[in-house]
Amino acid sequence: MKPISRRARRIPHSATLRILELTRKLKEQGQDIISLSVGEPDFKTPQPIIDAAKEALDKGETHYAPSRGLTELREEIARKMREENKVPAEKENILVTIAKHGIFMVSEAILQHGDEVIVPDPGWVSYIPISIFSGAHYIPLPAYEHDGFEPSIEHLQEIVSQKTKLLVLNTPSNPTGAVYHKKTLKAIADLAEDYDFYVMSDEIYEKLIYGRKHISIASIGNMWERTITLNGFSKAYAMTGWRIGWITAPSNLIDVFDKIQQQTITCNPPFIQRAAIVALREGKPYTEKMRKEFNRRRMAAIDRIGEMMVLDAFKPQGAFYIFAKYQTDMNSFEVVEHLLREYGVAVTPGGSFGVHGEGYIRISYANSMEKILEGLDRIEKGLSALE
Ligand code: GLU
């Protein structure tokens, strides 16, 4: 048989989804596994959102929707973007899609062979694989714990060049939970203008933030014209299974993304878009309740890790992950395998987020307090056994 494409061979399975599947399989086999791996709120989708989808289904909204999304939803999103994110968005600047597919479309629309894309390291597991499809060359931008996991601007100045076409930004960050300061965003914005590159700002965790303020880079200076902002309903409204998000960008770019959307997924299901409208209109109190509970768990988990000799944790200011450094010199994939198979606790290897994530594990606190504390006990035992 002739070989499959080189790019398909080059990309790995998603580390986060792989562990989720392995955890499911072990649970099905009757094993007692505590899952602190995948980033998925353990809360039920708020009832008014579910009711809106049911109502739309009953009304027969089961056919194609406009490829850019329902006008009512795009208007609602544009309003949210203006009011909360301080960007001058109108409905022409919004495309409803699946957030992860949005990242793929941005990459396909902007990057080509010979271009360079700068990605955060540690950074979410899918940024690099998605960029590989485009044929562009990716350059990791390291972020170190001693800098609060914000990228070093000096380092960025060294790696940026006329070939840089796109920079991927993710604040609050998956996997570190870092929330970038305005001065970091401002420095990135200045470089974007000097070197004329686009910024893709993944703001999926903007609502899950503890004691800090989220700033959209598109609201800084002239960044609006070169920023593509990604967001979705999964994390803020516990809607991971609904697969709906959106892109905010200048209308000339939205036109290009729309072509790709038409040629790939066509549109998002209309009944899900109806539910998304209700999420934006009525979801705030539910999100706030979840955020408070995540914060309570975050503090408890940080305190518990603080008692351990085998693990050191960076205190996250956003998202629902703790990026923790372990002591042994085993690589993070081996450590995770050991914890899962021998101690029944699933976490994500730091190495799957880039070379600068090696030596760490990502612990998701999107699980009940009881499970988190039991999971941390298991992690402590499992790591102590490796000492
Ligand atoms: N983004 C989440 C995570 O990092 C969900 C899984 C995924 O799409 O990667 O766990």
# chains A, B, ... in the order shown; residues from 1 in each chain; ligands from 1
call {"tool": "residues_around", "arguments": {"residues": "range 17-23 of chain A", "least_positions_apart": "6", "cutoff": "9 Å", "atoms": "only C-alpha atoms", "output": "list in words"}}
result
Ile33, Ile34, Ser35, Ser37, Val38, Leu340, Val345, Ala346, Val347 and Thr348 of chain A
call {"tool": "residues_near_ligand", "arguments": {"ligand": "ligand 1", "cutoff": "9 Å", "atoms": "only C-alpha atoms and all ligand atoms", "output": "number ranges by chain"}}
result
A: 14-17, 20, 37-40, 100, 124-126, 174-175, 204, 235, 240, 321, 348, 364
call {"tool": "write_last_selection", "arguments": {"atoms": "all heavy atoms", "output": "compact mmCIF listing (two decimals), in the first residue's frame"}}
result
# COMPACT_ATOMS: atom_id res chain seq x y z
N SER A 14 -3.97 13.22 20.17
CA SER A 14 -4.05 14.25 21.22
C SER A 14 -3.78 13.58 22.57
O SER A 14 -4.48 12.63 22.95
CB SER A 14 -5.45 14.87 21.21
OG SER A 14 -5.69 15.48 22.46
N ALA A 15 -2.78 14.10 23.29
CA ALA A 15 -2.42 13.49 24.58
C ALA A 15 -3.59 13.56 25.55
O ALA A 15 -3.86 12.60 26.28
CB ALA A 15 -1.20 14.20 25.16
N THR A 16 -4.31 14.67 25.54
CA THR A 16 -5.41 14.83 26.49
C THR A 16 -6.54 13.84 26.19
O THR A 16 -7.07 13.20 27.09
CB THR A 16 -5.97 16.28 26.44
OG1 THR A 16 -6.18 16.63 25.07
CG2 THR A 16 -5.04 17.27 27.07
N LEU A 17 -6.85 13.70 24.91
CA LEU A 17 -7.96 12.80 24.55
C LEU A 17 -7.54 11.34 24.68
O LEU A 17 -8.35 10.48 25.01
CB LEU A 17 -8.44 13.11 23.14
CG LEU A 17 -8.96 14.55 22.96
CD1 LEU A 17 -9.49 14.78 21.56
CD2 LEU A 17 -10.04 14.89 23.98
N LEU A 20 -7.89 10.43 28.26
CA LEU A 20 -9.33 10.33 28.56
C LEU A 20 -9.86 8.97 28.09
O LEU A 20 -10.58 8.29 28.82
CB LEU A 20 -10.07 11.47 27.84
CG LEU A 20 -11.58 11.54 28.05
CD1 LEU A 20 -11.91 11.86 29.51
CD2 LEU A 20 -12.21 12.62 27.15
N SER A 37 -7.28 14.32 34.65
CA SER A 37 -6.53 14.58 33.42
C SER A 37 -7.23 15.59 32.53
O SER A 37 -6.78 16.73 32.38
CB SER A 37 -6.24 13.28 32.67
OG SER A 37 -7.44 12.68 32.24
N VAL A 38 -8.35 15.21 31.95
CA VAL A 38 -8.90 16.07 30.90
C VAL A 38 -9.51 17.37 31.47
O VAL A 38 -9.98 17.40 32.61
CB VAL A 38 -9.93 15.30 30.04
CG1 VAL A 38 -11.25 15.14 30.75
CG2 VAL A 38 -10.11 15.95 28.68
N GLY A 39 -9.46 18.40 30.64
CA GLY A 39 -10.02 19.68 31.05
C GLY A 39 -11.48 19.78 30.66
O GLY A 39 -11.81 20.24 29.58
N GLU A 40 -12.32 19.30 31.56
CA GLU A 40 -13.75 19.27 31.24
C GLU A 40 -14.52 19.51 32.52
O GLU A 40 -14.42 18.72 33.46
CB GLU A 40 -14.06 17.89 30.63
CG GLU A 40 -15.48 17.47 30.76
CD GLU A 40 -15.86 16.45 29.71
OE1 GLU A 40 -15.64 15.24 29.93
OE2 GLU A 40 -16.38 16.88 28.68
N LYS A 100 -12.05 24.36 18.32
CA LYS A 100 -10.84 23.66 17.87
C LYS A 100 -10.76 23.69 16.34
O LYS A 100 -9.69 23.87 15.77
CB LYS A 100 -10.87 22.22 18.37
CG LYS A 100 -9.51 21.56 18.45
CD LYS A 100 -9.69 20.09 18.82
CE LYS A 100 -9.02 19.75 20.11
NZ LYS A 100 -9.18 18.34 20.49
N TRP A 124 -0.89 24.28 24.93
CA TRP A 124 -1.90 23.24 24.73
C TRP A 124 -1.47 22.25 23.63
O TRP A 124 -0.87 22.65 22.63
CB TRP A 124 -3.25 23.89 24.39
CG TRP A 124 -4.35 22.93 24.13
CD1 TRP A 124 -4.74 21.89 24.92
CD2 TRP A 124 -5.20 22.90 22.98
NE1 TRP A 124 -5.79 21.23 24.34
CE2 TRP A 124 -6.09 21.84 23.15
CE3 TRP A 124 -5.29 23.69 21.83
CZ2 TRP A 124 -7.07 21.52 22.21
CZ3 TRP A 124 -6.26 23.40 20.90
CH2 TRP A 124 -7.14 22.31 21.09
N VAL A 125 -1.84 20.99 23.83
CA VAL A 125 -1.30 19.88 23.03
C VAL A 125 -1.62 19.95 21.54
O VAL A 125 -0.95 19.31 20.74
CB VAL A 125 -1.81 18.51 23.54
CG1 VAL A 125 -1.31 18.25 24.95
CG2 VAL A 125 -3.34 18.42 23.51
N SER A 126 -2.64 20.70 21.13
CA SER A 126 -3.04 20.66 19.72
C SER A 126 -2.50 21.81 18.86
O SER A 126 -2.65 21.78 17.65
CB SER A 126 -4.57 20.61 19.61
OG SER A 126 -5.04 19.38 20.10
N ASN A 174 -3.60 27.10 29.25
CA ASN A 174 -3.62 25.64 29.42
C ASN A 174 -2.24 25.21 28.94
O ASN A 174 -1.91 25.48 27.79
CB ASN A 174 -4.72 25.05 28.53
CG ASN A 174 -4.76 23.53 28.55
OD1 ASN A 174 -4.04 22.90 29.31
ND2 ASN A 174 -5.59 22.96 27.69
N PRO A 175 -1.38 24.61 29.74
CA PRO A 175 -1.64 23.89 30.99
C PRO A 175 -1.26 24.63 32.27
O PRO A 175 -1.48 24.08 33.33
CB PRO A 175 -0.69 22.69 30.84
CG PRO A 175 0.52 23.29 30.19
CD PRO A 175 -0.03 24.34 29.24
N ILE A 204 -10.34 30.74 25.56
CA ILE A 204 -11.38 29.80 25.99
C ILE A 204 -11.57 29.78 27.51
O ILE A 204 -12.64 29.46 28.00
CB ILE A 204 -11.08 28.38 25.42
CG1 ILE A 204 -12.24 27.43 25.60
CG2 ILE A 204 -9.83 27.78 26.03
CD1 ILE A 204 -13.21 27.37 24.48
N LYS A 235 -16.03 25.57 28.24
CA LYS A 235 -15.52 25.69 29.61
C LYS A 235 -16.39 26.61 30.45
O LYS A 235 -16.65 26.34 31.61
CB LYS A 235 -14.07 26.21 29.60
CG LYS A 235 -13.18 25.63 28.52
CD LYS A 235 -12.74 24.20 28.78
CE LYS A 235 -11.94 23.70 27.60
NZ LYS A 235 -11.39 22.38 27.73
N THR A 240 -18.87 21.05 26.94
CA THR A 240 -17.81 20.42 26.11
C THR A 240 -18.38 19.53 25.01
O THR A 240 -17.86 19.49 23.91
CB THR A 240 -16.85 19.59 26.99
OG1 THR A 240 -17.64 18.82 27.89
CG2 THR A 240 -15.91 20.47 27.78
N TYR A 321 -6.40 24.02 35.91
CA TYR A 321 -5.26 23.09 35.92
C TYR A 321 -4.21 23.55 36.91
O TYR A 321 -4.02 24.75 37.10
CB TYR A 321 -4.60 23.05 34.55
CG TYR A 321 -5.54 22.77 33.41
CD1 TYR A 321 -5.83 23.74 32.45
CD2 TYR A 321 -6.15 21.52 33.29
CE1 TYR A 321 -6.70 23.49 31.41
CE2 TYR A 321 -7.03 21.27 32.24
CZ TYR A 321 -7.30 22.26 31.30
OH TYR A 321 -8.15 22.00 30.26
N THR A 348 -2.06 14.43 33.21
CA THR A 348 -1.52 14.59 31.85
C THR A 348 -0.01 14.87 31.93
O THR A 348 0.41 15.71 32.74
CB THR A 348 -2.24 15.74 31.12
OG1 THR A 348 -3.64 15.55 31.27
CG2 THR A 348 -1.89 15.77 29.65
N SER A 364 -5.81 18.33 36.60
CA SER A 364 -7.04 19.10 36.39
C SER A 364 -7.88 19.05 37.66
O SER A 364 -8.09 17.98 38.23
CB SER A 364 -7.82 18.49 35.21
OG SER A 364 -9.16 18.93 35.26
call {"tool": "residues_around", "arguments": {"residues": "Thr227 in chain A", "least_positions_apart": "5", "cutoff": "6 Å", "atoms": "only C-alpha atoms", "output": "PDB file with all heavy atoms, in the first residue's frame"}}
result
ATOM      1  N   TYR A 198       0.306  38.133  12.485  1.00  0.00           N
ATOM      2  CA  TYR A 198      -1.020  37.989  13.088  1.00  0.00           C
ATOM      3  C   TYR A 198      -0.878  37.354  14.476  1.00  0.00           C
ATOM      4  O   TYR A 198       0.083  36.625  14.743  1.00  0.00           O
ATOM      5  CB  TYR A 198      -1.896  37.047  12.262  1.00  0.00           C
ATOM      6  CG  TYR A 198      -2.253  37.553  10.888  1.00  0.00           C
ATOM      7  CD1 TYR A 198      -1.494  37.208   9.770  1.00  0.00           C
ATOM      8  CD2 TYR A 198      -3.379  38.355  10.694  1.00  0.00           C
ATOM      9  CE1 TYR A 198      -1.835  37.647   8.501  1.00  0.00           C
ATOM     10  CE2 TYR A 198      -3.728  38.801   9.429  1.00  0.00           C
ATOM     11  CZ  TYR A 198      -2.945  38.448   8.339  1.00  0.00           C
ATOM     12  OH  TYR A 198      -3.292  38.886   7.097  1.00  0.00           O
ATOM     13  N   VAL A 199      -1.877  37.599  15.309  1.00  0.00           N
ATOM     14  CA  VAL A 199      -1.928  36.923  16.612  1.00  0.00           C
ATOM     15  C   VAL A 199      -3.230  36.130  16.669  1.00  0.00           C
ATOM     16  O   VAL A 199      -4.304  36.658  16.354  1.00  0.00           O
ATOM     17  CB  VAL A 199      -1.865  37.936  17.778  1.00  0.00           C
ATOM     18  CG1 VAL A 199      -2.130  37.243  19.116  1.00  0.00           C
ATOM     19  CG2 VAL A 199      -0.497  38.623  17.808  1.00  0.00           C
ATOM     20  N   MET A 200      -3.110  34.853  17.025  1.00  0.00           N
ATOM     21  CA  MET A 200      -4.307  34.061  17.280  1.00  0.00           C
ATOM     22  C   MET A 200      -4.437  33.923  18.796  1.00  0.00           C
ATOM     23  O   MET A 200      -3.601  33.285  19.435  1.00  0.00           O
ATOM     24  CB  MET A 200      -4.206  32.677  16.637  1.00  0.00           C
ATOM     25  CG  MET A 200      -5.525  31.929  16.770  1.00  0.00           C
ATOM     26  SD  MET A 200      -5.379  30.234  16.249  1.00  0.00           S
ATOM     27  CE  MET A 200      -4.608  29.545  17.694  1.00  0.00           C
ATOM     28  N   ALA A 218      -6.760  41.890  21.372  1.00  0.00           N
ATOM     29  CA  ALA A 218      -7.389  42.637  20.266  1.00  0.00           C
ATOM     30  C   ALA A 218      -7.850  44.028  20.704  1.00  0.00           C
ATOM     31  O   ALA A 218      -8.121  44.889  19.866  1.00  0.00           O
ATOM     32  CB  ALA A 218      -8.565  41.851  19.700  1.00  0.00           C
TER      33      ALA A 218
END
call {"tool": "closest_atom_pairs", "arguments": {"of": "range 25-143 of chain A", "to": "range 249-273 of chain A", "cutoff": "12 Å", "atoms": "only C-alpha atoms", "output": "JSON lines"}}
result
{"residue": "A:Ile49", "atom": "CA", "partner": "A:Ile272", "partner_atom": "CA", "distance": 9.0}
{"residue": "A:Ile50", "atom": "CA", "partner": "A:Ile272", "partner_atom": "CA", "distance": 9.1}
{"residue": "A:Asp51", "atom": "CA", "partner": "A:Phe271", "partner_atom": "CA", "distance": 10.4}
{"residue": "A:Ala52", "atom": "CA", "partner": "A:Phe271", "partner_atom": "CA", "distance": 7.8}
{"residue": "A:Ala53", "atom": "CA", "partner": "A:Phe271", "partner_atom": "CA", "distance": 5.0}
{"residue": "A:Lys54", "atom": "CA", "partner": "A:Phe271", "partner_atom": "CA", "distance": 7.6}
{"residue": "A:Glu55", "atom": "CA", "partner": "A:Phe271", "partner_atom": "CA", "distance": 8.1}
{"residue": "A:Ala56", "atom": "CA", "partner": "A:Phe271", "partner_atom": "CA", "distance": 5.1}
{"residue": "A:Leu57", "atom": "CA", "partner": "A:Phe271", "partner_atom": "CA", "distance": 5.9}
{"residue": "A:Asp58", "atom": "CA", "partner": "A:Phe271", "partner_atom": "CA", "distance": 9.4}
{"residue": "A:Lys59", "atom": "CA", "partner": "A:Phe271", "partner_atom": "CA", "distance": 9.2}
{"residue": "A:Gly60", "atom": "CA", "partner": "A:Phe271", "partner_atom": "CA", "distance": 8.6}
{"residue": "A:Glu61", "atom": "CA", "partner": "A:Phe271", "partner_atom": "CA", "distance": 5.7}
{"residue": "A:Thr62", "atom": "CA", "partner": "A:Pro270", "partner_atom": "CA", "distance": 6.5}
{"residue": "A:His63", "atom": "CA", "partner": "A:Pro270", "partner_atom": "CA", "distance": 7.1}
{"residue": "A:Tyr64", "atom": "CA", "partner": "A:Cys267", "partner_atom": "CA", "distance": 6.9}
{"residue": "A:Ala65", "atom": "CA", "partner": "A:Pro270", "partner_atom": "CA", "distance": 5.5}
{"residue": "A:Pro66", "atom": "CA", "partner": "A:Cys267", "partner_atom": "CA", "distance": 6.5}
{"residue": "A:Ser67", "atom": "CA", "partner": "A:Cys267", "partner_atom": "CA", "distance": 4.5}
{"residue": "A:Arg68", "atom": "CA", "partner": "A:Asp258", "partner_atom": "CA", "distance": 6.3}
{"residue": "A:Gly69", "atom": "CA", "partner": "A:Cys267", "partner_atom": "CA", "distance": 6.8}
{"residue": "A:Leu70", "atom": "CA", "partner": "A:Gln273", "partner_atom": "CA", "distance": 7.1}
{"residue": "A:Thr71", "atom": "CA", "partner": "A:Gln273", "partner_atom": "CA", "distance": 10.1}
{"residue": "A:Glu72", "atom": "CA", "partner": "A:Gln273", "partner_atom": "CA", "distance": 9.2}
{"residue": "A:Leu73", "atom": "CA", "partner": "A:Gln273", "partner_atom": "CA", "distance": 6.8}
{"residue": "A:Arg74", "atom": "CA", "partner": "A:Gln273", "partner_atom": "CA", "distance": 9.6}
{"residue": "A:Glu76", "atom": "CA", "partner": "A:Gln273", "partner_atom": "CA", "distance": 11.1}
{"residue": "A:Ile77", "atom": "CA", "partner": "A:Gln273", "partner_atom": "CA", "distance": 11.2}
{"residue": "A:Ala78", "atom": "CA", "partner": "A:Ala249", "partner_atom": "CA", "distance": 10.6}
{"residue": "A:Met81", "atom": "CA", "partner": "A:Ala249", "partner_atom": "CA", "distance": 10.8}
{"residue": "A:Val87", "atom": "CA", "partner": "A:Ala249", "partner_atom": "CA", "distance": 9.7}
{"residue": "A:Pro88", "atom": "CA", "partner": "A:Pro250", "partner_atom": "CA", "distance": 9.5}
{"residue": "A:Ala89", "atom": "CA", "partner": "A:Ala249", "partner_atom": "CA", "distance": 7.9}
{"residue": "A:Glu90", "atom": "CA", "partner": "A:Ser251", "partner_atom": "CA", "distance": 9.1}
{"residue": "A:Lys91", "atom": "CA", "partner": "A:Ser251", "partner_atom": "CA", "distance": 9.1}
{"residue": "A:Glu92", "atom": "CA", "partner": "A:Ser251", "partner_atom": "CA", "distance": 5.7}
{"residue": "A:Asn93", "atom": "CA", "partner": "A:Ser251", "partner_atom": "CA", "distance": 5.0}
{"residue": "A:Ile94", "atom": "CA", "partner": "A:Ala249", "partner_atom": "CA", "distance": 6.7}
{"residue": "A:Leu95", "atom": "CA", "partner": "A:Ile254", "partner_atom": "CA", "distance": 6.5}
{"residue": "A:Val96", "atom": "CA", "partner": "A:Asn268", "partner_atom": "CA", "distance": 7.0}
{"residue": "A:Thr97", "atom": "CA", "partner": "A:Asn268", "partner_atom": "CA", "distance": 6.0}
{"residue": "A:Ile98", "atom": "CA", "partner": "A:Asn268", "partner_atom": "CA", "distance": 7.5}
{"residue": "A:Ala99", "atom": "CA", "partner": "A:Asn268", "partner_atom": "CA", "distance": 11.0}
{"residue": "A:His101", "atom": "CA", "partner": "A:Gln261", "partner_atom": "CA", "distance": 8.7}
{"residue": "A:Gly102", "atom": "CA", "partner": "A:Phe257", "partner_atom": "CA", "distance": 8.1}
{"residue": "A:Ile103", "atom": "CA", "partner": "A:Phe257", "partner_atom": "CA", "distance": 10.2}
{"residue": "A:Phe104", "atom": "CA", "partner": "A:Ile260", "partner_atom": "CA", "distance": 9.7}
{"residue": "A:Met105", "atom": "CA", "partner": "A:Phe257", "partner_atom": "CA", "distance": 6.0}
{"residue": "A:Val106", "atom": "CA", "partner": "A:Phe257", "partner_atom": "CA", "distance": 6.9}
{"residue": "A:Ser107", "atom": "CA", "partner": "A:Phe257", "partner_atom": "CA", "distance": 9.9}
{"residue": "A:Glu108", "atom": "CA", "partner": "A:Ile260", "partner_atom": "CA", "distance": 8.4}
{"residue": "A:Ala109", "atom": "CA", "partner": "A:Phe257", "partner_atom": "CA", "distance": 6.8}
{"residue": "A:Ile110", "atom": "CA", "partner": "A:Leu253", "partner_atom": "CA", "distance": 9.2}
call {"tool": "closest_residue", "arguments": {"among": "A:Leu156, A:Tyr144, A:Glu83, A:Pro12", "to": "Ile132 in chain A", "atoms": "only C-alpha atoms"}}
result
A:Pro12
call {"tool": "residues_around", "arguments": {"residues": "range 331-335 of chain A", "least_positions_apart": "5", "cutoff": "6 Å", "atoms": "only C-alpha atoms", "output": "MDAnalysis selection string"}}
result
chainID A and resid 349:351 359
call {"tool": "residues_around", "arguments": {"residues": "Asp312 in chain A", "least_positions_apart": "2", "cutoff": "7 Å", "atoms": "only C-alpha atoms", "output": "NGL selection string"}}
result
:A and (305-306 or 314 or 324-326)
call {"tool": "select_by_dssp", "arguments": {"residues": "range 50-224 of chain A", "states": "strand (DSSP E)", "output": "number ranges by chain"}}
result
A: 94-97, 116-121, 137-142, 164-170, 198-202
call {"tool": "select_by_dssp", "arguments": {"residues": "range 193-377 of chain A", "states": "helix (DSSP H, G or I)", "output": "VMD selection string"}}
result
chain A and resid 193 to 195 217 to 219 223 to 226 240 to 242 251 to 263 270 to 282 284 to 306 332 to 343 350 to 353 355 to 357 369 to 377
call {"tool": "closest_residue", "arguments": {"among": "A:Thr229, A:Thr328, A:Ser216, A:Asn367", "to": "Glu84 in chain A", "atoms": "only C-alpha atoms"}}
result
A:Ser216
call {"tool": "closest_residue", "arguments": {"among": "A:Lys289, A:Ala276, A:Ala238, A:Ile363", "to": "Leu339 in chain A", "atoms": "only C-alpha atoms"}}
result
A:Ile363
call {"tool": "closest_residue", "arguments": {"among": "A:Val168, A:Trp224, A:Glu150, A:Arg82", "to": "Ile118 in chain A", "atoms": "only C-alpha atoms"}}
result
A:Val168
call {"tool": "decode", "arguments": {"residues": "range 244-263 of chain A", "atoms": "N, CA, C and O atoms", "output": "short mmCIF file (atom, residue, chain, number, x, y, z; two decimals), in the first residue's frame"}}
result
data_model
loop_
_atom_site.label_atom_id
_atom_site.label_comp_id
_atom_site.auth_asym_id
_atom_site.auth_seq_id
_atom_site.Cartn_x
_atom_site.Cartn_y
_atom_site.Cartn_z
N ILE A 244 -19.34 23.84 20.38
CA ILE A 244 -19.66 25.14 19.76
C ILE A 244 -18.78 26.25 20.34
O ILE A 244 -18.55 26.32 21.55
N GLY A 245 -18.28 27.08 19.42
CA GLY A 245 -17.45 28.22 19.79
C GLY A 245 -17.54 29.26 18.69
O GLY A 245 -18.44 29.19 17.84
N TRP A 246 -16.62 30.21 18.71
CA TRP A 246 -16.68 31.23 17.67
C TRP A 246 -15.32 31.88 17.42
O TRP A 246 -14.42 31.79 18.26
N ILE A 247 -15.22 32.52 16.27
CA ILE A 247 -14.03 33.30 15.92
C ILE A 247 -14.47 34.76 15.81
O ILE A 247 -15.52 35.05 15.24
N THR A 248 -13.65 35.65 16.36
CA THR A 248 -13.86 37.09 16.18
C THR A 248 -12.64 37.63 15.42
O THR A 248 -11.50 37.39 15.84
N ALA A 249 -12.88 38.33 14.34
CA ALA A 249 -11.75 38.83 13.53
C ALA A 249 -12.25 39.90 12.56
O ALA A 249 -13.46 40.04 12.35
N PRO A 250 -11.33 40.65 11.94
CA PRO A 250 -11.74 41.59 10.90
C PRO A 250 -12.54 40.86 9.81
O PRO A 250 -12.28 39.67 9.53
N SER A 251 -13.48 41.55 9.19
CA SER A 251 -14.43 40.87 8.30
C SER A 251 -13.75 40.23 7.07
O SER A 251 -14.23 39.20 6.57
N ASN A 252 -12.63 40.82 6.59
CA ASN A 252 -11.96 40.20 5.43
C ASN A 252 -11.43 38.81 5.80
O ASN A 252 -11.45 37.89 4.97
N LEU A 253 -11.00 38.64 7.05
CA LEU A 253 -10.52 37.31 7.48
C LEU A 253 -11.71 36.37 7.71
O LEU A 253 -11.66 35.18 7.37
N ILE A 254 -12.79 36.90 8.29
CA ILE A 254 -13.98 36.08 8.52
C ILE A 254 -14.46 35.49 7.18
O ILE A 254 -14.84 34.32 7.10
N ASP A 255 -14.39 36.29 6.10
CA ASP A 255 -14.80 35.79 4.78
C ASP A 255 -13.97 34.56 4.38
O ASP A 255 -14.50 33.60 3.81
N VAL A 256 -12.69 34.60 4.69
CA VAL A 256 -11.81 33.47 4.33
C VAL A 256 -12.15 32.24 5.20
O VAL A 256 -12.27 31.12 4.70
N PHE A 257 -12.32 32.48 6.49
CA PHE A 257 -12.66 31.34 7.38
C PHE A 257 -14.00 30.73 6.95
O PHE A 257 -14.19 29.52 7.03
N ASP A 258 -14.91 31.59 6.52
CA ASP A 258 -16.22 31.11 6.09
C ASP A 258 -16.09 30.17 4.89
O ASP A 258 -16.81 29.16 4.79
N LYS A 259 -15.17 30.50 3.97
CA LYS A 259 -14.96 29.59 2.82
C LYS A 259 -14.52 28.21 3.32
O LYS A 259 -15.02 27.19 2.87
N ILE A 260 -13.58 28.23 4.27
CA ILE A 260 -13.07 26.94 4.76
C ILE A 260 -14.18 26.19 5.51
O ILE A 260 -14.35 24.99 5.37
N GLN A 261 -14.95 26.95 6.29
CA GLN A 261 -16.06 26.32 7.02
C GLN A 261 -17.05 25.67 6.03
O GLN A 261 -17.48 24.54 6.21
N GLN A 262 -17.39 26.41 4.96
CA GLN A 262 -18.33 25.88 3.97
C GLN A 262 -17.79 24.61 3.32
O GLN A 262 -18.55 23.71 2.97
N GLN A 263 -16.48 24.56 3.15
CA GLN A 263 -15.89 23.40 2.48
C GLN A 263 -15.54 22.27 3.44
O GLN A 263 -15.02 21.24 3.02
#
